[in-house]
>>> print(open('model26.cif').read())   # mmCIF, C-alpha atoms
data_work
loop_
_atom_site.label_atom_id
_atom_site.label_comp_id
_atom_site.auth_asym_id
_atom_site.auth_seq_id
_atom_site.Cartn_x
_atom_site.Cartn_y
_atom_site.Cartn_z
CA MET A 1 -35.33 82.88 179.19
CA THR A 2 -35.36 85.44 182.02
CA ASP A 3 -38.61 83.99 183.42
CA GLN A 4 -36.78 80.73 184.10
CA VAL A 5 -35.28 80.29 187.57
CA ILE A 6 -31.67 79.15 187.44
CA GLY A 7 -29.99 77.27 190.28
CA PHE A 8 -26.26 77.65 190.86
CA ILE A 9 -24.26 75.46 193.24
CA GLY A 10 -20.58 76.19 193.90
CA LEU A 11 -19.58 79.84 194.26
CA GLY A 12 -15.81 79.62 194.26
CA GLN A 13 -13.51 81.60 192.02
CA MET A 14 -15.13 80.31 188.84
CA GLY A 15 -18.69 79.72 190.00
CA SER A 16 -19.12 83.11 191.65
CA ARG A 17 -18.21 84.88 188.41
CA MET A 18 -20.46 82.69 186.28
CA ALA A 19 -23.40 83.19 188.63
CA ALA A 20 -22.77 86.94 188.54
CA ARG A 21 -22.95 86.92 184.75
CA LEU A 22 -26.30 85.13 184.81
CA LEU A 23 -27.61 87.69 187.28
CA ALA A 24 -26.30 90.57 185.17
CA ALA A 25 -28.11 89.10 182.16
CA GLY A 26 -31.40 89.37 184.04
CA HIS A 27 -31.86 85.78 185.18
CA ARG A 28 -33.25 84.88 188.57
CA VAL A 29 -30.65 82.77 190.37
CA VAL A 30 -31.07 80.56 193.45
CA ALA A 31 -27.61 79.86 194.85
CA TYR A 32 -25.90 77.59 197.35
CA ASP A 33 -22.35 77.15 198.62
CA PRO A 34 -21.24 75.58 201.92
CA VAL A 35 -18.87 78.52 202.47
CA ALA A 36 -21.00 81.18 204.11
CA ALA A 37 -18.95 84.13 202.84
CA ALA A 38 -19.23 82.94 199.24
CA LEU A 39 -23.00 82.51 199.53
CA ASP A 40 -23.37 85.89 201.25
CA ALA A 41 -21.51 87.57 198.39
CA ALA A 42 -23.80 85.98 195.80
CA VAL A 43 -26.89 87.05 197.74
CA ALA A 44 -25.52 90.58 197.97
CA GLY A 45 -25.18 90.47 194.19
CA GLY A 46 -28.84 89.59 193.70
CA ALA A 47 -29.08 85.82 194.11
CA THR A 48 -31.61 84.09 196.35
CA ARG A 49 -30.18 81.98 199.16
CA ALA A 50 -30.74 78.24 199.44
CA ALA A 51 -29.76 76.03 202.35
CA CYS A 52 -28.61 72.95 200.39
CA PRO A 53 -28.50 71.50 196.86
CA ARG A 54 -31.91 69.89 197.26
CA GLU A 55 -33.46 73.25 198.11
CA VAL A 56 -31.86 74.77 195.00
CA ALA A 57 -33.52 72.06 192.92
CA ASP A 58 -36.82 72.60 194.72
CA ARG A 59 -36.86 76.25 193.62
CA ALA A 60 -35.12 76.27 190.22
CA ASP A 61 -36.00 74.94 186.78
CA LEU A 62 -32.39 74.13 185.85
CA VAL A 63 -29.36 73.73 188.10
CA PHE A 64 -25.77 74.57 187.25
CA ALA A 65 -22.88 73.31 189.37
CA SER A 66 -19.24 74.44 189.49
CA LEU A 67 -17.46 72.17 191.95
CA PRO A 68 -13.88 71.12 192.73
CA THR A 69 -13.76 67.32 192.62
CA PRO A 70 -15.63 64.31 191.22
CA GLY A 71 -16.61 63.21 194.72
CA VAL A 72 -18.19 66.56 195.52
CA VAL A 73 -20.09 66.53 192.22
CA ARG A 74 -21.40 63.03 192.91
CA ALA A 75 -22.58 64.02 196.39
CA VAL A 76 -24.20 67.27 195.24
CA ALA A 77 -25.97 65.59 192.33
CA LEU A 78 -26.95 62.21 193.78
CA GLY A 79 -26.56 62.48 197.55
CA PRO A 80 -29.41 62.27 200.08
CA ASP A 81 -29.77 66.06 200.13
CA GLY A 82 -28.67 66.50 196.53
CA VAL A 83 -30.12 67.96 193.37
CA LEU A 84 -31.83 64.72 192.34
CA GLN A 85 -33.96 64.91 195.50
CA GLY A 86 -35.37 68.30 194.49
CA GLN A 87 -38.89 68.44 193.13
CA ARG A 88 -38.72 71.18 190.48
CA ALA A 89 -35.48 71.10 188.48
CA ARG A 90 -35.60 68.86 185.42
CA CYS A 91 -32.04 69.47 184.22
CA PHE A 92 -28.61 69.38 185.86
CA ALA A 93 -25.73 71.01 183.97
CA ASP A 94 -22.29 70.36 185.47
CA LEU A 95 -19.66 73.00 184.69
CA SER A 96 -17.03 71.15 186.75
CA THR A 97 -14.16 68.96 185.55
CA THR A 98 -15.02 65.51 186.85
CA GLY A 99 -13.98 63.02 184.18
CA PRO A 100 -16.41 60.87 182.18
CA ARG A 101 -17.06 58.20 184.83
CA VAL A 102 -18.79 60.50 187.29
CA ALA A 103 -20.59 62.22 184.41
CA GLY A 104 -21.94 58.80 183.41
CA GLU A 105 -23.01 57.98 186.97
CA VAL A 106 -24.83 61.28 187.33
CA ALA A 107 -26.51 60.93 183.93
CA ALA A 108 -27.70 57.42 184.75
CA GLY A 109 -29.14 58.51 188.10
CA PHE A 110 -31.05 61.40 186.58
CA ALA A 111 -32.24 59.34 183.62
CA GLU A 112 -33.87 56.85 185.99
CA ALA A 113 -35.87 59.76 187.39
CA GLY A 114 -36.80 61.02 183.92
CA ARG A 115 -34.51 64.03 184.14
CA THR A 116 -31.72 65.38 181.96
CA THR A 117 -28.04 66.05 182.55
CA PHE A 118 -25.35 67.83 180.57
CA ASP A 119 -21.65 67.84 181.31
CA CYS A 120 -20.36 71.31 180.47
CA PRO A 121 -16.73 71.68 181.63
CA VAL A 122 -15.23 75.09 180.97
CA SER A 123 -11.82 76.49 180.06
CA GLY A 124 -10.60 80.06 180.26
CA GLY A 125 -9.84 80.62 183.93
CA ILE A 126 -11.07 83.36 186.23
CA THR A 127 -10.70 86.06 183.60
CA GLY A 128 -12.76 84.09 181.10
CA ALA A 129 -15.45 83.44 183.73
CA ALA A 130 -15.63 87.13 184.62
CA ASN A 131 -15.87 88.47 181.08
CA GLY A 132 -18.01 85.70 179.57
CA ARG A 133 -15.31 84.31 177.33
CA LEU A 134 -15.10 80.75 178.53
CA ALA A 135 -14.82 77.86 176.13
CA ILE A 136 -17.62 75.50 177.18
CA MET A 137 -17.54 71.86 176.11
CA VAL A 138 -21.00 70.31 176.19
CA SER A 139 -22.36 66.79 175.89
CA GLY A 140 -25.87 65.55 176.48
CA PRO A 141 -29.17 65.03 174.65
CA ARG A 142 -29.12 67.08 171.46
CA ALA A 143 -32.88 67.54 171.42
CA GLU A 144 -32.76 69.43 174.72
CA TYR A 145 -29.56 71.35 174.06
CA ALA A 146 -31.39 74.24 172.37
CA ALA A 147 -32.95 75.26 175.70
CA LEU A 148 -29.58 75.26 177.48
CA GLU A 149 -27.48 76.95 174.80
CA PRO A 150 -28.66 80.57 175.39
CA LEU A 151 -27.69 80.31 179.05
CA LEU A 152 -24.27 78.93 178.18
CA GLN A 153 -23.77 81.78 175.73
CA VAL A 154 -24.00 84.18 178.67
CA LEU A 155 -20.93 82.44 180.08
CA GLY A 156 -18.89 82.01 176.91
CA LYS A 157 -18.76 80.03 173.68
CA PRO A 158 -20.33 76.56 173.87
CA PHE A 159 -19.14 73.68 171.71
CA PHE A 160 -21.51 70.71 171.42
CA CYS A 161 -19.32 67.61 171.60
CA GLY A 162 -21.81 64.77 171.38
CA GLU A 163 -24.75 63.09 173.07
CA GLY A 164 -22.79 60.61 175.14
CA ALA A 165 -22.50 61.41 178.83
CA GLY A 166 -18.88 62.30 179.58
CA GLN A 167 -17.75 63.12 176.04
CA ALA A 168 -17.24 66.78 176.93
CA GLN A 169 -15.35 65.69 180.05
CA VAL A 170 -12.90 63.70 177.92
CA LEU A 171 -12.23 66.73 175.75
CA LYS A 172 -11.71 68.92 178.83
CA LEU A 173 -9.22 66.45 180.32
CA CYS A 174 -7.29 66.40 177.05
CA ASN A 175 -7.21 70.19 177.04
CA ASN A 176 -5.99 70.43 180.63
CA LEU A 177 -3.29 67.85 180.03
CA LEU A 178 -2.01 69.93 177.11
CA ALA A 179 -2.10 73.12 179.18
CA ALA A 180 -0.13 71.52 182.02
CA ALA A 181 2.35 69.95 179.61
CA ALA A 182 2.91 73.32 177.90
CA LEU A 183 3.62 74.93 181.26
CA ALA A 184 6.09 72.24 182.31
CA VAL A 185 8.10 72.06 179.09
CA SER A 186 8.09 75.86 178.67
CA SER A 187 9.51 76.16 182.19
CA GLU A 188 12.37 73.88 181.20
CA ALA A 189 13.03 75.76 177.95
CA LEU A 190 13.01 79.20 179.57
CA ALA A 191 15.18 78.05 182.46
CA MET A 192 17.73 76.81 179.94
CA GLY A 193 17.65 80.10 178.05
CA VAL A 194 18.00 82.20 181.19
CA LYS A 195 20.94 80.11 182.32
CA ALA A 196 22.55 80.84 178.95
CA GLY A 197 22.07 84.58 179.50
CA LEU A 198 18.87 85.17 177.50
CA ASP A 199 16.15 87.54 178.64
CA PRO A 200 12.94 85.55 179.41
CA ALA A 201 10.61 88.25 178.08
CA LEU A 202 12.55 88.29 174.81
CA MET A 203 12.41 84.50 174.71
CA CYS A 204 8.61 84.57 175.02
CA GLU A 205 8.36 87.24 172.33
CA VAL A 206 10.43 85.20 169.89
CA ILE A 207 8.78 81.87 170.76
CA ASN A 208 5.34 83.42 170.34
CA ALA A 209 6.30 84.51 166.83
CA SER A 210 7.66 81.04 166.13
CA SER A 211 6.55 77.42 166.08
CA GLY A 212 7.04 76.85 169.81
CA ARG A 213 4.30 79.22 170.93
CA ASN A 214 1.78 77.85 173.41
CA SER A 215 -0.57 78.95 176.17
CA ALA A 216 2.24 79.16 178.72
CA THR A 217 4.55 81.38 176.67
CA GLN A 218 1.66 83.51 175.42
CA ASP A 219 -0.09 84.02 178.75
CA LYS A 220 1.17 82.33 181.89
CA PHE A 221 4.82 83.38 181.74
CA PRO A 222 4.22 87.04 180.80
CA ARG A 223 1.39 87.38 183.30
CA ALA A 224 2.42 85.29 186.31
CA VAL A 225 5.94 83.84 186.09
CA ILE A 226 8.23 86.58 184.74
CA PRO A 227 6.61 89.21 187.06
CA ARG A 228 6.99 86.69 189.94
CA THR A 229 3.34 86.95 191.02
CA PHE A 230 2.49 83.26 190.45
CA ASP A 231 -1.19 84.11 190.56
CA PHE A 232 -2.64 82.85 187.31
CA GLY A 233 -5.72 81.61 189.15
CA PHE A 234 -5.67 77.79 189.01
CA THR A 235 -4.36 75.66 191.85
CA THR A 236 -1.70 72.99 191.61
CA GLY A 237 -4.05 70.56 193.32
CA LEU A 238 -6.77 71.01 190.72
CA SER A 239 -4.31 70.75 187.83
CA HIS A 240 -2.86 67.58 189.36
CA LYS A 241 -6.38 66.19 189.78
CA ASP A 242 -7.28 66.89 186.16
CA VAL A 243 -4.09 65.34 184.77
CA ARG A 244 -4.52 62.30 187.03
CA LEU A 245 -8.10 61.87 185.81
CA CYS A 246 -6.92 62.14 182.21
CA LEU A 247 -4.25 59.48 182.68
CA ASP A 248 -6.66 57.17 184.51
CA GLU A 249 -9.14 57.38 181.64
CA ALA A 250 -6.39 56.93 179.05
CA GLU A 251 -5.14 53.83 180.83
CA ALA A 252 -8.67 52.39 180.93
CA MET A 253 -8.93 53.01 177.17
CA GLY A 254 -5.52 51.52 176.39
CA VAL A 255 -4.01 54.83 175.26
CA PRO A 256 -0.35 55.32 176.28
CA MET A 257 0.47 58.58 178.07
CA VAL A 258 4.27 58.62 178.39
CA VAL A 259 4.61 62.41 178.30
CA GLY A 260 1.45 62.81 180.34
CA SER A 261 2.93 60.64 183.09
CA ALA A 262 5.92 63.00 183.32
CA VAL A 263 3.56 65.97 183.59
CA ARG A 264 1.64 64.27 186.39
CA GLN A 265 4.91 63.67 188.24
CA MET A 266 5.91 67.31 187.81
CA LEU A 267 2.60 68.45 189.31
CA ALA A 268 2.98 65.99 192.18
CA VAL A 269 6.41 67.45 192.98
CA THR A 270 5.02 70.99 192.77
CA SER A 271 2.15 70.09 195.09
CA ALA A 272 4.51 68.47 197.58
CA THR A 273 6.89 71.44 197.47
CA PHE A 274 4.50 74.41 197.46
CA GLY A 275 1.21 72.83 198.54
CA PRO A 276 -1.91 71.86 196.58
CA GLU A 277 -3.42 75.34 197.07
CA SER A 278 -0.45 77.01 195.37
CA ASP A 279 -0.95 78.43 191.90
CA PHE A 280 0.04 75.86 189.30
CA THR A 281 2.49 78.29 187.72
CA HIS A 282 4.72 77.22 190.64
CA VAL A 283 5.75 74.40 188.30
CA ALA A 284 8.18 77.00 186.94
CA ARG A 285 9.63 77.52 190.42
CA VAL A 286 10.34 73.80 190.73
CA VAL A 287 12.27 73.92 187.47
CA GLU A 288 14.05 77.09 188.58
CA ASP A 289 15.18 75.40 191.79
CA TRP A 290 16.52 72.44 189.87
CA ALA A 291 18.27 74.61 187.29
CA GLY A 292 19.60 77.17 189.76
CA VAL A 293 18.11 80.15 187.91
CA THR A 294 15.31 82.68 188.28
CA ILE A 295 13.02 83.32 185.33
CA GLY A 296 12.17 87.03 185.48
CA GLY A 297 12.00 89.23 188.52
#
>>> encode(input="model26.cif", output="structure tokens")
Amino acid sequence: MTDQVIGFIGLGQMGSRMAARLLAAGHRVVAYDPVAAALDAAVAGGATRAACPREVADRADLVFASLPTPGVVRAVALGPDGVLQGQRARCFADLSTTGPRVAGEVAAGFAEAGRTTFDCPVSGGITGAANGRLAIMVSGPRAEYAALEPLLQVLGKPFFCGEGAGQAQVLKLCNNLLAAAALAVSSEALAMGVKAGLDPALMCEVINASSGRNSATQDKFPRAVIPRTFDFGFTTGLSHKDVRLCLDEAEAMGVPMVVGSAVRQMLAVTSATFGPESDFTHVARVVEDWAGVTIGG
């Protein structure tokens, strides 16, 4: 696979680490990001510079993208200077969280040109991206998945979810809703315990040995909330976007999301209070302010 040229578009906190892993595995990578410093860092790490998404697709056999919003993905994939306009790449694999509608649009556009797409949203955060331990949800044509799988294995553990465009995106939205819900309700539970005089670290220890354990009590609180760093590595704005996408899709499918709606509201309050670029563990700070306590410190 090392003779294949890999394109990589989007060199933010997640994308830069995934591109670095592909380079470390011996792959030739052509990279693009509109932020000059991010692109310069990738080039310093061994990537070849491209001036736009189309140029990436002119020089690569397969193009990965790791981008922040559905609109950006649509523009990068289908826009006038996008990947679809490139002459060489036959496959576009989107590692972003976009929701199934954009995944379907992109797949349809590429199919008309006789090209292939996979939606490959990832979970595991910055640490998972750096150490190659991401969970990667994949949907797309099964017959062509075998060629993509070894590359995904450089980044983490891929799970093939189905051939329908957007199926992996649905699973990713469900996962991110659960992660945000766990953070919100754990914040309420720990705030209650602290107000009653309990130690938050002890609470996490007991909860993690009990039936209430979840990703927030096992990881986010010990790492980012109790030490007061609030630097888990995922922004409030992106979490709010993902939960909003999940609820929009659920509504279109006729699936009620009563608890999910409360989680979306909590993220909206957190974004309004601390800003969309704040770490989403600031949800705990919102609850702290309401409860009049401090969890950790």
>>> atom_distance(input="model26.cif", atom1="atom CA of A:Lys172", atom2="atom CA of A:Val83")
23.5 Å
>>> resolve_selection(input="model26.cif", expression="the PyMOL selection byres ((chain A and resi 140-143) around 6)", output="PyMOL selection string")
chain A and resi 118+139+144-145+163-165
>>> axis_aligned_box(input="model26.cif", around="stretch 100-113 of chain A", padding_each_side="3 Å", output="AutoDock Vina command-line options")
--center_x -26.1 --center_y 59.5 --center_z 185.1 --size_x 25.5 --size_y 11.4 --size_z 11.9
>>> residues_near_point(input="model26.cif", point="(1.7, 82.9, 185.5)", cutoff="7 Å", atoms="all atoms listed in the file", output="number ranges by chain")
A: 220-225, 230-232, 281
>>> residues_near_point(input="model26.cif", point="(-26.5, 85.3, 197.4)", cutoff="12 Å", atoms="all atoms listed in the file", output="VMD selection string")
chain A and resid 7 to 11 16 19 to 20 23 28 to 51
>>> residues_around(input="model26.cif", residues="stretch 206-217 of chain A", least_positions_apart="3", cutoff="12 Å", atoms="all atoms listed in the file", output="VMD selection string")
chain A and resid 124 175 to 176 178 to 190 193 198 to 203 220 to 226 232 280 to 281 283 to 284
>>> residues_around(input="model26.cif", residues="A:Gly79", least_positions_apart="6", cutoff="10 Å", atoms="only C-alpha atoms", output="ChimeraX atom specification")
/A:53-54,72-73,85
>>> atom_distance(input="model26.cif", atom1="atom CA of A:Val102", atom2="atom CA of A:His27")
28.5 Å
>>> residues_around(input="model26.cif", residues="A:Ala103", least_positions_apart="5", cutoff="7 Å", atoms="all atoms listed in the file", output="JSON, numbers by chain")
{"A": [98, 119, 165, 166]}
>>> resolve_selection(input="model26.cif", expression="the PyMOL selection byres ((chain A and resi 237-248) around 9)", output="MDAnalysis selection string")
chainID A and resid 68:69 97:99 170 172:174 176:177 180 234:236 249:253 255:257 260:261 263:268 271 275:280
>>> residues_around(input="model26.cif", residues="A:Val106", least_positions_apart="5", cutoff="8 Å", atoms="all atoms listed in the file", output="list of chain:residue names")
A:Arg74, A:Ala77, A:Leu78, A:Thr117
>>> atom_distance(input="model26.cif", atom1="atom CA of A:Gly233", atom2="atom CA of A:Trp290")
24.1 Å
>>> closest_residue(input="model26.cif", among="A:Leu134, A:Gly114, A:Pro100, A:Gln218", to="A:Leu171", atoms="all atoms listed in the file")
A:Pro100
>>> residues_around(input="model26.cif", residues="A:Arg115", least_positions_apart="4", cutoff="12 Å", atoms="all atoms listed in the file", output="list in words")
Ala57, Asp61, Leu62, Val63, Ala77, Val83, Leu84, Gln85, Gly86, Gln87, Arg88, Ala89, Arg90, Cys91, Phe92, Ala93, Val106, Ala107, Ala108, Gly109, Phe110, Ala111, Gly140, Pro141 and Glu144 of chain A
